[in-house]
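Novice: Got query_21.cif for you, mmCIF, C-alpha atoms:
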data_start
loop_
_atom_site.group_PDB
_atom_site.id
_atom_site.type_symbol
_atom_site.label_atom_id
_atom_site.label_comp_id
_atom_site.auth_asym_id
_atom_site.auth_seq_id
_atom_site.Cartn_x
_atom_site.Cartn_y
_atom_site.Cartn_z
ATOM 1 C CA ALA T 1 4.064 10.278 -19.684
ATOM 2 C CA MET T 2 7.003 8.639 -17.938
ATOM 3 C CA LEU T 3 9.397 10.202 -15.444
ATOM 4 C CA ASP T 4 13.146 9.648 -15.595
ATOM 5 C CA ASN T 5 12.846 7.107 -12.768
ATOM 6 C CA ASP T 6 10.194 5.138 -14.739
ATOM 7 C CA ILE T 7 7.119 6.223 -12.783
ATOM 8 C CA LYS T 8 4.278 6.216 -15.298
ATOM 9 C CA LEU T 9 1.750 9.048 -15.300
ATOM 10 C CA VAL T 10 -1.721 9.114 -16.860
ATOM 11 C CA VAL T 11 -3.690 12.387 -16.798
ATOM 12 C CA ALA T 12 -7.216 13.325 -17.849
ATOM 13 C CA SER T 13 -8.490 16.907 -17.561
ATOM 14 C CA SER T 14 -12.125 16.888 -16.530
ATOM 15 C CA GLY T 15 -14.766 18.946 -14.748
ATOM 16 C CA ASP T 16 -15.041 22.510 -13.515
ATOM 17 C CA LEU T 17 -14.369 21.963 -9.805
ATOM 18 C CA PRO T 18 -10.899 22.646 -8.338
ATOM 19 C CA LEU T 19 -10.387 18.986 -7.429
ATOM 20 C CA VAL T 20 -8.035 16.224 -8.533
ATOM 21 C CA ASP T 21 -8.594 12.510 -8.034
ATOM 22 C CA VAL T 22 -5.254 10.750 -7.562
ATOM 23 C CA ALA T 23 -4.979 6.975 -7.938
ATOM 24 C CA ILE T 24 -1.537 5.471 -7.397
ATOM 25 C CA ARG T 25 -1.218 1.855 -8.515
ATOM 26 C CA ILE T 26 1.649 -0.306 -7.302
ATOM 27 C CA GLY T 27 2.261 -3.485 -9.275
ATOM 28 C CA THR T 28 2.323 -5.879 -6.356
ATOM 29 C CA GLY T 29 -0.110 -7.373 -3.882
ATOM 30 C CA ASN T 30 -1.290 -10.653 -2.403
ATOM 31 C CA MET T 31 0.180 -12.603 -5.314
ATOM 32 C CA ALA T 32 3.653 -11.671 -4.053
ATOM 33 C CA ASP T 33 3.054 -13.166 -0.588
ATOM 34 C CA SER T 34 5.204 -16.080 0.540
ATOM 35 C CA PRO T 35 3.312 -19.322 1.319
ATOM 36 C CA ASP T 36 4.594 -19.194 4.911
ATOM 37 C CA ALA T 37 3.572 -15.543 5.307
ATOM 38 C CA PRO T 38 0.064 -15.113 3.889
ATOM 39 C CA GLY T 39 -1.132 -11.562 4.215
ATOM 40 C CA ILE T 40 2.309 -9.983 4.440
ATOM 41 C CA SER T 41 1.343 -7.618 1.621
ATOM 42 C CA ASP T 42 -1.704 -6.574 3.642
ATOM 43 C CA ALA T 43 0.567 -5.882 6.618
ATOM 44 C CA VAL T 44 2.984 -3.820 4.524
ATOM 45 C CA PHE T 45 0.280 -1.568 3.102
ATOM 46 C CA ALA T 46 -1.517 -1.294 6.445
ATOM 47 C CA LEU T 47 1.679 -0.067 8.109
ATOM 48 C CA MET T 48 3.165 2.187 5.429
ATOM 49 C CA ASP T 49 1.280 5.246 6.654
ATOM 50 C CA LYS T 50 1.956 4.544 10.345
ATOM 51 C CA GLY T 51 5.321 6.255 10.360
ATOM 52 C CA THR T 52 8.002 7.536 7.982
ATOM 53 C CA ASP T 53 11.460 9.080 8.217
ATOM 54 C CA LYS T 54 9.832 12.501 8.521
ATOM 55 C CA TYR T 55 6.634 11.782 10.482
ATOM 56 C CA ASP T 56 5.404 9.486 13.214
ATOM 57 C CA ALA T 57 1.865 8.134 12.898
ATOM 58 C CA ASN T 58 0.218 11.106 14.652
ATOM 59 C CA GLU T 59 2.225 13.704 12.745
ATOM 60 C CA LEU T 60 1.420 12.019 9.453
ATOM 61 C CA ALA T 61 -2.287 11.950 10.268
ATOM 62 C CA ALA T 62 -2.131 15.639 11.202
ATOM 63 C CA ALA T 63 -0.317 16.537 7.970
ATOM 64 C CA LYS T 64 -3.010 14.804 5.926
ATOM 65 C CA ASP T 65 -5.832 16.360 7.937
ATOM 66 C CA LYS T 66 -4.359 19.833 7.445
ATOM 67 C CA ILE T 67 -4.914 19.646 3.670
ATOM 68 C CA GLY T 68 -8.052 17.468 3.709
ATOM 69 C CA MET T 69 -6.274 14.394 2.355
ATOM 70 C CA GLU T 70 -8.302 11.258 3.100
ATOM 71 C CA ALA T 71 -6.095 8.582 1.579
ATOM 72 C CA ARG T 72 -6.914 4.891 1.196
ATOM 73 C CA LEU T 73 -3.902 2.582 1.064
ATOM 74 C CA SER T 74 -4.508 -1.127 0.524
ATOM 75 C CA ALA T 75 -3.087 -4.318 -0.935
ATOM 76 C CA ASN T 76 -5.193 -6.151 -3.496
ATOM 77 C CA ILE T 77 -4.698 -9.460 -5.290
ATOM 78 C CA GLU T 78 -2.410 -8.377 -8.161
ATOM 79 C CA ASN T 79 -2.030 -4.630 -7.642
ATOM 80 C CA SER T 80 -2.181 -2.335 -4.652
ATOM 81 C CA SER T 81 -3.598 1.157 -4.388
ATOM 82 C CA PHE T 82 -3.131 4.557 -2.780
ATOM 83 C CA ASP T 83 -6.129 6.737 -3.636
ATOM 84 C CA TYR T 84 -7.395 10.133 -2.588
ATOM 85 C CA ARG T 85 -9.187 13.287 -3.771
ATOM 86 C CA ILE T 86 -7.604 16.668 -3.114
ATOM 87 C CA LEU T 87 -8.201 20.352 -3.762
ATOM 88 C CA THR T 88 -6.013 21.522 -6.633
ATOM 89 C CA THR T 89 -4.412 24.077 -4.292
ATOM 90 C CA TYR T 90 -3.034 21.253 -2.156
ATOM 91 C CA LEU T 91 -2.044 18.830 -4.914
ATOM 92 C CA GLN T 92 1.695 19.398 -4.486
ATOM 93 C CA ASP T 93 1.463 19.048 -0.709
ATOM 94 C CA SER T 94 -0.479 15.823 -1.091
ATOM 95 C CA LEU T 95 2.064 14.381 -3.513
ATOM 96 C CA ASP T 96 4.865 15.263 -1.093
ATOM 97 C CA ILE T 97 3.051 13.291 1.612
ATOM 98 C CA ALA T 98 2.343 10.391 -0.745
ATOM 99 C CA ALA T 99 6.000 10.279 -1.752
ATOM 100 C CA GLU T 100 7.105 10.294 1.888
ATOM 101 C CA ILE T 101 4.782 7.357 2.648
ATOM 102 C CA LEU T 102 5.809 5.310 -0.377
ATOM 103 C CA GLU T 103 9.536 6.086 -0.269
ATOM 104 C CA ASN T 104 10.350 6.261 3.440
ATOM 105 C CA PRO T 105 8.094 4.068 5.593
ATOM 106 C CA THR T 106 9.676 2.992 8.890
ATOM 107 C CA PHE T 107 7.238 0.201 9.875
ATOM 108 C CA PRO T 108 7.428 0.955 13.622
ATOM 109 C CA GLU T 109 7.448 -2.082 15.902
ATOM 110 C CA ASP T 110 4.630 -0.716 18.075
ATOM 111 C CA GLU T 111 2.376 -0.300 15.027
ATOM 112 C CA LEU T 112 3.214 -3.856 13.916
ATOM 113 C CA VAL T 113 2.154 -5.127 17.346
ATOM 114 C CA LYS T 114 -1.164 -3.288 16.983
ATOM 115 C CA PHE T 115 -1.670 -4.855 13.550
ATOM 116 C CA GLN T 116 -0.927 -8.322 14.931
ATOM 117 C CA GLN T 117 -3.422 -7.774 17.732
ATOM 118 C CA GLN T 118 -6.091 -6.773 15.219
ATOM 119 C CA VAL T 119 -5.496 -9.945 13.177
ATOM 120 C CA VAL T 120 -5.571 -12.139 16.300
ATOM 121 C CA SER T 121 -8.873 -10.513 17.288
ATOM 122 C CA TYR T 122 -10.206 -11.204 13.782
ATOM 123 C CA LEU T 123 -9.129 -14.843 14.062
ATOM 124 C CA SER T 124 -10.912 -15.126 17.412
ATOM 125 C CA ASN T 125 -14.111 -13.916 15.763
ATOM 126 C CA ILE T 126 -13.654 -16.512 13.027
ATOM 127 C CA GLN T 127 -13.437 -19.278 15.636
ATOM 128 C CA ARG T 128 -16.855 -18.213 16.868
ATOM 129 C CA ASN T 129 -18.201 -17.908 13.331
ATOM 130 C CA PRO T 130 -16.172 -20.196 10.998
ATOM 131 C CA THR T 131 -18.216 -19.293 7.924
ATOM 132 C CA ARG T 132 -16.384 -15.944 7.850
ATOM 133 C CA ASN T 133 -13.265 -17.857 6.782
ATOM 134 C CA ALA T 134 -15.009 -19.673 3.944
ATOM 135 C CA THR T 135 -13.392 -17.585 1.194
ATOM 136 C CA SER T 136 -9.854 -18.261 2.444
ATOM 137 C CA LEU T 137 -10.510 -21.968 2.814
ATOM 138 C CA PHE T 138 -12.082 -22.133 -0.649
ATOM 139 C CA ARG T 139 -9.016 -20.452 -2.138
ATOM 140 C CA ARG T 140 -6.756 -22.955 -0.357
ATOM 141 C CA ALA T 141 -8.759 -25.842 -1.789
ATOM 142 C CA LEU T 142 -8.695 -24.251 -5.243
ATOM 143 C CA TYR T 143 -5.079 -23.071 -5.469
ATOM 144 C CA GLY T 144 -3.266 -25.225 -2.901
ATOM 145 C CA ALA T 145 -1.433 -24.327 0.296
ATOM 146 C CA ASP T 146 1.778 -23.358 -1.544
ATOM 147 C CA HIS T 147 0.056 -20.737 -3.694
ATOM 148 C CA PRO T 148 -0.102 -17.114 -2.461
ATOM 149 C CA LEU T 149 -3.901 -17.170 -2.630
ATOM 150 C CA GLY T 150 -3.995 -20.439 -0.681
ATOM 151 C CA GLY T 151 -2.588 -18.961 2.505
ATOM 152 C CA VAL T 152 -4.749 -18.869 5.631
ATOM 153 C CA TRP T 153 -3.944 -16.754 8.683
ATOM 154 C CA SER T 154 -3.270 -18.550 11.965
ATOM 155 C CA PRO T 155 -2.053 -17.234 15.350
ATOM 156 C CA ASN T 156 1.389 -18.799 14.758
ATOM 157 C CA LEU T 157 1.741 -17.126 11.362
ATOM 158 C CA VAL T 158 0.740 -13.797 12.891
ATOM 159 C CA GLN T 159 3.484 -14.089 15.511
ATOM 160 C CA ASN T 160 6.024 -14.986 12.803
ATOM 161 C CA LEU T 161 5.181 -11.785 10.921
ATOM 162 C CA ASN T 162 8.157 -9.679 11.956
ATOM 163 C CA ARG T 163 9.476 -6.321 10.875
ATOM 164 C CA GLU T 164 12.412 -7.874 9.015
ATOM 165 C CA ARG T 165 10.079 -9.754 6.660
ATOM 166 C CA ILE T 166 7.926 -6.682 6.143
ATOM 167 C CA VAL T 167 10.937 -4.537 5.209
ATOM 168 C CA GLU T 168 12.188 -7.295 2.892
ATOM 169 C CA PHE T 169 8.828 -7.343 1.066
ATOM 170 C CA TYR T 170 8.792 -3.556 0.809
ATOM 171 C CA ILE T 171 12.324 -3.312 -0.625
ATOM 172 C CA ARG T 172 11.662 -6.070 -3.137
ATOM 173 C CA GLU T 173 8.224 -5.013 -4.316
ATOM 174 C CA ILE T 174 7.799 -1.249 -4.106
ATOM 175 C CA ALA T 175 9.834 1.065 -6.345
ATOM 176 C CA PRO T 176 9.273 3.757 -9.006
ATOM 177 C CA ASN T 177 9.406 1.375 -11.959
ATOM 178 C CA ASN T 178 6.488 -0.517 -10.421
ATOM 179 C CA ILE T 179 4.204 2.501 -10.008
ATOM 180 C CA THR T 180 1.609 4.221 -12.193
ATOM 181 C CA ILE T 181 -0.054 7.452 -11.076
ATOM 182 C CA PHE T 182 -3.467 8.349 -12.514
ATOM 183 C CA MET T 183 -4.902 11.858 -12.173
ATOM 184 C CA ILE T 184 -8.275 13.132 -13.302
ATOM 185 C CA GLY T 185 -9.861 16.523 -12.710
ATOM 186 C CA ASP T 186 -8.571 20.090 -12.592
ATOM 187 C CA ILE T 187 -5.119 19.199 -13.941
ATOM 188 C CA ASP T 188 -3.191 19.148 -17.212
ATOM 189 C CA LEU T 189 -0.320 16.906 -18.249
ATOM 190 C CA ASP T 190 2.464 19.486 -17.965
ATOM 191 C CA THR T 191 1.374 20.518 -14.469
ATOM 192 C CA ALA T 192 1.064 16.894 -13.400
ATOM 193 C CA VAL T 193 4.512 15.952 -14.731
ATOM 194 C CA SER T 194 6.066 18.904 -12.906
ATOM 195 C CA ALA T 195 4.253 18.153 -9.635
ATOM 196 C CA VAL T 196 4.976 14.411 -9.632
ATOM 197 C CA GLY T 197 8.579 15.043 -10.604
ATOM 198 C CA ALA T 198 9.040 17.484 -7.740
ATOM 199 C CA SER T 199 7.752 14.944 -5.210
ATOM 200 C CA PHE T 200 8.950 11.610 -6.610
ATOM 201 C CA GLY T 201 11.802 12.535 -8.948
ATOM 202 C CA ASP T 202 14.634 11.708 -6.534
ATOM 203 C CA TRP T 203 13.371 8.169 -5.861
ATOM 204 C CA GLY T 204 15.614 5.806 -7.791
ATOM 205 C CA ASP T 205 15.074 2.258 -6.446
ATOM 206 C CA VAL T 206 14.266 -0.666 -8.741
ATOM 207 C CA HIS T 207 11.934 -3.498 -7.751
ATOM 208 C CA GLY T 208 12.422 -7.218 -8.280
ATOM 209 C CA SER T 209 8.891 -8.444 -7.702
ATOM 210 C CA GLN T 210 8.048 -12.044 -6.881
ATOM 211 C CA ARG T 211 4.418 -11.496 -7.833
ATOM 212 C CA GLN T 212 3.004 -14.639 -9.454
ATOM 213 C CA ALA T 213 0.318 -15.080 -12.057
ATOM 214 C CA ILE T 214 -3.031 -16.116 -10.597
ATOM 215 C CA GLY T 215 -3.486 -19.129 -12.863
#
Output the file's structure as structure tokens, nothing else.

Specialist:
Amino acid sequence: AMLDNDIKLVVASSGDLPLVDVAIRIGTGNMADSPDAPGISDAVFALMDKGTDKYDANELAAAKDKIGMEARLSANIENSSFDYRILTTYLQDSLDIAAEILENPTFPEDELVKFQQQVVSYLSNIQRNPTRNATSLFRRALYGADHPLGGVWSPNLVQNLNRERIVEFYIREIAPNNITIFMIGDIDLDTAVSAVGASFGDWGDVHGSQRQAIG
């Protein structure tokens, strides 16, 4: 099924337990990174659930905990993901939270600073154990420094990762026509269409992705 705003929906009814597995796929990821900002997609998806128009980080965590929503949000090479399992009773609530995270992230400066500190700490560990950076260096040798997969984090690049660039990536890459929602479990198509429409139906942005092909 497809919503009026071009969100695609795939549903499979399965099992006897009152549970629904929700997998939201966003058609962007590391391949949309700029050569001078490797990992910006990782930063965007790490920070999206750290504050929204409606919730700060603590309030958002509390809202998820209240309904047992343990969501995993991450950037991958070509596509990114937002996955969780939820009791059928709380499906609508969970979709409301997911929509708030995807539509209205605020990328707070204090959370960005925490993310930068985590990356700097990771880089310090690499200096003590360089083999941990072997994959990144191999990709640079294979794809070249100007390719999104050829980027390698450095302290200078971390400091250049500012909120303006993060918001720019988000606006360009994340929109309804770049999203597919998969549901499997105690759900049928009509119920899913109604629930997703209620949560995401007002979102009308259009993406203009700069995601490249790997080859």

Novice: Exactly which residues make up the result of the PyMOL selection byres ((chain T and resi 48) around 9) on this file, given as a ChimeraX atom specification?

Specialist: /T:43-47,49-52,73,101-102,104-107

Novice: Store the residues picked out above in a file with C-alpha atoms, as a short mmCIF file (atom, residue, chain, number, x, y, z; two decimals), in the frame of the given file.

Specialist:
data_model
loop_
_atom_site.label_atom_id
_atom_site.label_comp_id
_atom_site.auth_asym_id
_atom_site.auth_seq_id
_atom_site.Cartn_x
_atom_site.Cartn_y
_atom_site.Cartn_z
CA ALA T 43 0.57 -5.88 6.62
CA VAL T 44 2.98 -3.82 4.52
CA PHE T 45 0.28 -1.57 3.10
CA ALA T 46 -1.52 -1.29 6.44
CA LEU T 47 1.68 -0.07 8.11
CA ASP T 49 1.28 5.25 6.65
CA LYS T 50 1.96 4.54 10.34
CA GLY T 51 5.32 6.26 10.36
CA THR T 52 8.00 7.54 7.98
CA LEU T 73 -3.90 2.58 1.06
CA ILE T 101 4.78 7.36 2.65
CA LEU T 102 5.81 5.31 -0.38
CA ASN T 104 10.35 6.26 3.44
CA PRO T 105 8.09 4.07 5.59
CA THR T 106 9.68 2.99 8.89
CA PHE T 107 7.24 0.20 9.88
#

Novice: Give as a VMD selection string the residues that the PyMOL selection byres ((chain T and resi 190-192) around 12) matches when applied to the coordinates above.

Specialist: chain T and resid 1 to 3 8 to 13 20 to 22 88 91 to 92 95 181 to 189 193 to 200

Novice: Please evaluate the PyMOL selection byres ((chain T and resi 84) around 8) against the structure above and give the resulting residues as a VMD selection string.

Specialist: chain T and resid 21 to 23 69 to 72 82 to 83 85 to 86

Novice: Print the selection's residues with C-alpha atoms to a file, as a PDB file, in the coordinates of the input.

Specialist:
ATOM      1  CA  ASP T  21      -8.594  12.510  -8.034  1.00  0.00           C
ATOM      2  CA  VAL T  22      -5.254  10.750  -7.562  1.00  0.00           C
ATOM      3  CA  ALA T  23      -4.979   6.975  -7.938  1.00  0.00           C
ATOM      4  CA  MET T  69      -6.274  14.394   2.355  1.00  0.00           C
ATOM      5  CA  GLU T  70      -8.302  11.258   3.100  1.00  0.00           C
ATOM      6  CA  ALA T  71      -6.095   8.582   1.579  1.00  0.00           C
ATOM      7  CA  ARG T  72      -6.914   4.891   1.196  1.00  0.00           C
ATOM      8  CA  PHE T  82      -3.131   4.557  -2.780  1.00  0.00           C
ATOM      9  CA  ASP T  83      -6.129   6.737  -3.636  1.00  0.00           C
ATOM     10  CA  ARG T  85      -9.187  13.287  -3.771  1.00  0.00           C
ATOM     11  CA  ILE T  86      -7.604  16.668  -3.114  1.00  0.00           C
TER      12      ILE T  86
END

Novice: Which value, in Å to one decimal, gives the distance between atom CA of Ser81 of chain T and atom CA of Asn160 of chain T?

Specialist: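 Separating atom CA of Ser81 of chain T from atom CA of Asn160 of chain T is a distance of 25.5 Å.
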
Novice: Would you list the residues near (10.9, -9.9, 15.2), meaning any protein, DNA or RNA residue with an atom at most 9 Å from that point in file coordinates, counting all atoms listed in the file, as a PyMOL selection string?

Specialist: chain T and resi 109+159-165

Novice: Figure out the distance between atom CA of Trp203 of chain T and atom CA of Asn178 of chain T, please, to one decimal in Å.

Specialist: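 Separation of atom CA of Asn178 of chain T and atom CA of Trp203 of chain T: 12.0 Å.
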
Novice: To one decimal place, how far is atom CA of Thr89 of chain T from atom CA of Ile26 of chain T in Å?

Specialist: 25.3 Å

Novice: I'd like to know which of T:Ser14, T:Ser74, T:Asn177, T:Ser124 is closest to Gly39 of chain T, using all atoms listed in the file.

Specialist: T:Ser74

Novice: Of the candidates T:Ile166, T:Ile174, T:Ile24, T:Val158, which shows the shortest atom-to-atom distance to Gln117 of chain T, using all atoms listed in the file?

Specialist: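 Among the listed residues, T:Val158 lies closest to Gln117 of chain T.
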
Novice: Box for segment 96-112 of chain T: with edges along x, y and z, all listed atoms inside and 3 Å added on each side, what are the centre and edge lengths in Å to one decimal, as lines of an AutoDock Vina configuration file?

Specialist:
center_x = 6.3
center_y = 5.7
center_z = 8.2
size_x = 14.0
size_y = 25.1
size_z = 25.8
